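Asker: One structure, as structure tokens, below. Some questions next.
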Amino acid sequence: MDEAAKIDGCGTMQIFFYIIGPMSKPTLIVSALLNFIWAWKDVWYSNIYLGRPERQTISVRLLSLIGDKSVEYGQMMAATVMMMLPVILLYFCAQKYFDEGITITELK
């Protein structure tokens with residue numbers, strides 16, 4: 001596609017903004033979404049870097065609900081829903097690009 005655009009008279013920046021950019025948009029959005037999900041559910045590094053309780057993320061606080069002999073199921077379910085809500089909302093916002101990114105990788 002680059003060569004076809006050069007033959008048609010496009011410059012380097014036009015090729016980037018009109019051909020490469022739109023073609024790589026779904027891939028970049030899927031990559032960003034998966035990276036956000038990975039960082040959002042990360043417990044290990046969040047627990048190491050954010051040691052004080054007032055700085056801990058939801059995923060680290062979720063682990064604190066599990067006691068030695070009992071589990072706070074009501075609080076755990078509420079925290080799990082709160083933890084999943086941003087990921088689900090981001091997926092619904094980026095669902096079009098997510099589906100395009102999956103179908104593009106299947107064709108190649």
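Residue numbers start at 1 in each chain; chains themselves are named A, B, ... in the order of the structure tokens; ligands are numbered from 1 in the order shown.
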Within 8 Å of Ser46 (chain A), counting only C-alpha atoms, which residues show up once you throw out same-chain ones fewer than 4 positions away? Write them as an MDAnalysis selection string, please.

Answerer: chainID A and resid 42 50:51 56:57 60

Asker: Would you please give, as a PyMOL selection string, all residues of chain A that DSSP assigns to alpha helix (DSSP H) based on the backbone?

Answerer: chain A and resi 2-8+12-15+21-40+44-49+58-64+73-93+95-107

Asker: Using only C-alpha atoms, what table do you get, as JSON lines, when you list each residue of region 4-73 of chain A with an atom no more than 7 Å from region 82-102 of chain A, its nearest pair of atoms, and their distance in Å rounded to one decimal, rows by chain then rising number?

Answerer:
{"residue": "A:Pro26", "atom": "CA", "partner": "A:Tyr97", "partner_atom": "CA", "distance": 4.7}
{"residue": "A:Thr27", "atom": "CA", "partner": "A:Gly101", "partner_atom": "CA", "distance": 5.1}
{"residue": "A:Ile29", "atom": "CA", "partner": "A:Tyr97", "partner_atom": "CA", "distance": 6.6}
{"residue": "A:Val30", "atom": "CA", "partner": "A:Phe98", "partner_atom": "CA", "distance": 5.4}
{"residue": "A:Ile37", "atom": "CA", "partner": "A:Val87", "partner_atom": "CA", "distance": 6.6}
{"residue": "A:Ile58", "atom": "CA", "partner": "A:Met83", "partner_atom": "CA", "distance": 6.4}

Asker: Give me the residues near Leu63 (chain A) as a ChimeraX atom specification, where near means some atom within 12 Å (using only C-alpha atoms) and where sequence neighbours in that chain fewer than 6 positions away do not count.

Answerer: /A:41-44,46-47,56-57,71-73,75-76,79-80

Asker: Quick one: write out the picked residues with C-alpha atoms as a compact mmCIF listing (two decimals), in the first residue's frame?

Answerer:
# COMPACT_ATOMS: atom_id res chain seq x y z
CA LYS A 41 -5.51 -6.43 37.60
CA ASP A 42 -1.84 -6.52 38.61
CA VAL A 43 -1.45 -7.40 42.26
CA TRP A 44 2.22 -8.22 42.64
CA SER A 46 0.97 -2.86 43.15
CA ASN A 47 1.54 -4.56 46.47
CA GLN A 56 -3.29 0.41 47.60
CA THR A 57 -5.32 -0.43 44.53
CA VAL A 71 -13.90 -14.56 53.90
CA GLU A 72 -16.00 -11.41 53.65
CA TYR A 73 -18.07 -12.51 50.64
CA GLN A 75 -17.49 -6.98 50.48
CA MET A 76 -15.48 -9.18 48.13
CA ALA A 79 -15.07 -4.92 45.30
CA THR A 80 -14.94 -7.37 42.40

Asker: Have a look at CA of Trp40 (chain A) and CA of Ile66 (chain A) and let me know their distance in Å, one decimal.

Answerer: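 If I compute the distance from CA of Trp40 (chain A) to CA of Ile66 (chain A), I get 19.6 Å.
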